[in-house]
Amino acid sequence: MAALGLTPEDIDEEEVEVWPDAWPAFRLFDALGTQWRVGQGGASGLDYTAIPATASMLGIKRRDLSDIFPDLRVMEVEALAVMAESME
């Protein structure tokens with residue numbers, strides 16, 4: 001978190017509902033939490049090369065990744081927006 005300019009206080013403790021059809025993407029996104037590409041300007045996105053191996057460790061089949069990827073991208077884009085706000 002520190003590399004992204006965040007502290008534990010930046011994370012809300014509220015419960016968030018995840019729809020069942022988005023659960024695989026959420027699990028994958030959560031597991032990719034250390035796989036951000038980060039430069040001087042902050043995070044620029046997830047390291048997509050880590051997706052297949054991480055998905056495999058979670059038991060997600062490679063053939064299912066094309067269905068999961070769009071939801072993963074939505075989460076990535078929203079996370080980048082939140083990180084950008086915290087840098088202002």
# chains A, B, ... in the order shown; residues from 1 in each chain; ligands from 1
call {"tool": "select_by_dssp", "arguments": {"residues": "stretch 33-79 of chain A", "states": "helix (DSSP H, G or I)", "output": "VMD selection string"}}
result
chain A and resid 48 to 57 62 to 79
call {"tool": "write_last_selection", "arguments": {"atoms": "C-alpha atoms", "output": "short mmCIF file (atom, residue, chain, number, x, y, z; two decimals), in the first residue's frame"}}
result
data_model
loop_
_atom_site.label_atom_id
_atom_site.label_comp_id
_atom_site.auth_asym_id
_atom_site.auth_seq_id
_atom_site.Cartn_x
_atom_site.Cartn_y
_atom_site.Cartn_z
CA TYR A 48 -1.34 -8.86 -17.15
CA THR A 49 1.44 -11.45 -17.41
CA ALA A 50 0.59 -12.52 -13.84
CA ILE A 51 -3.07 -13.22 -14.61
CA PRO A 52 -2.85 -16.80 -15.99
CA ALA A 53 -0.63 -18.12 -13.20
CA THR A 54 -2.65 -16.41 -10.48
CA ALA A 55 -5.92 -17.64 -11.96
CA SER A 56 -4.51 -21.16 -12.10
CA MET A 57 -3.56 -21.03 -8.41
CA ARG A 62 -7.75 -20.76 -18.57
CA ARG A 63 -10.78 -21.07 -20.84
CA ASP A 64 -12.82 -19.00 -18.34
CA LEU A 65 -10.40 -16.05 -18.36
CA SER A 66 -11.94 -14.47 -21.46
CA ASP A 67 -15.27 -14.28 -19.60
CA ILE A 68 -13.67 -12.93 -16.41
CA PHE A 69 -11.31 -10.40 -18.03
CA PRO A 70 -13.88 -7.65 -18.76
CA ASP A 71 -14.98 -7.60 -15.10
CA LEU A 72 -11.35 -7.60 -14.00
CA ARG A 73 -10.71 -4.56 -16.22
CA VAL A 74 -13.66 -2.69 -14.67
CA MET A 75 -12.16 -3.29 -11.22
CA GLU A 76 -8.70 -2.25 -12.42
CA VAL A 77 -9.96 1.00 -13.95
CA GLU A 78 -11.93 1.89 -10.80
CA ALA A 79 -8.94 1.09 -8.57
#
call {"tool": "select_by_dssp", "arguments": {"residues": "chain A", "states": "strand (DSSP E)", "output": "VMD selection string"}}
result
chain A and resid 36 to 39 42 to 46
call {"tool": "write_last_selection", "arguments": {"atoms": "N, CA and C atoms", "output": "short mmCIF file (atom, residue, chain, number, x, y, z; two decimals), in the first residue's frame"}}
result
data_model
loop_
_atom_site.label_atom_id
_atom_site.label_comp_id
_atom_site.auth_asym_id
_atom_site.auth_seq_id
_atom_site.Cartn_x
_atom_site.Cartn_y
_atom_site.Cartn_z
N TRP A 36 0.72 -4.82 -9.37
CA TRP A 36 0.50 -3.54 -10.05
C TRP A 36 1.80 -3.06 -10.69
N ARG A 37 1.70 -2.52 -11.89
CA ARG A 37 2.84 -1.85 -12.51
C ARG A 37 2.85 -0.43 -11.96
N VAL A 38 3.96 -0.06 -11.34
CA VAL A 38 4.06 1.23 -10.66
C VAL A 38 5.31 1.96 -11.14
N GLY A 39 5.14 3.24 -11.44
CA GLY A 39 6.26 4.08 -11.85
C GLY A 39 6.26 5.35 -11.03
N GLY A 42 2.90 6.77 -10.18
CA GLY A 42 1.97 5.90 -9.48
C GLY A 42 1.65 4.66 -10.31
N ALA A 43 0.58 3.99 -9.93
CA ALA A 43 0.19 2.76 -10.62
C ALA A 43 -0.34 3.08 -12.01
N SER A 44 0.00 2.22 -12.97
CA SER A 44 -0.50 2.40 -14.33
C SER A 44 -1.40 1.26 -14.76
N GLY A 45 -1.46 0.21 -13.98
CA GLY A 45 -2.33 -0.91 -14.30
C GLY A 45 -1.78 -2.20 -13.74
N LEU A 46 -2.56 -3.24 -13.87
CA LEU A 46 -2.12 -4.56 -13.42
C LEU A 46 -1.12 -5.14 -14.40
#
call {"tool": "residues_around", "arguments": {"residues": "A:Asp10", "least_positions_apart": "2", "cutoff": "12 Å", "atoms": "only C-alpha atoms", "output": "count of residues only"}}
result
15
call {"tool": "closest_residue", "arguments": {"among": "A:Thr34, A:Arg27, A:Asp21, A:Gly41", "to": "A:Gly59", "atoms": "only C-alpha atoms"}}
result
A:Arg27
call {"tool": "atom_distance", "arguments": {"atom1": "atom CA of A:Leu28", "atom2": "atom CA of A:Leu58"}}
result
7.5 Å
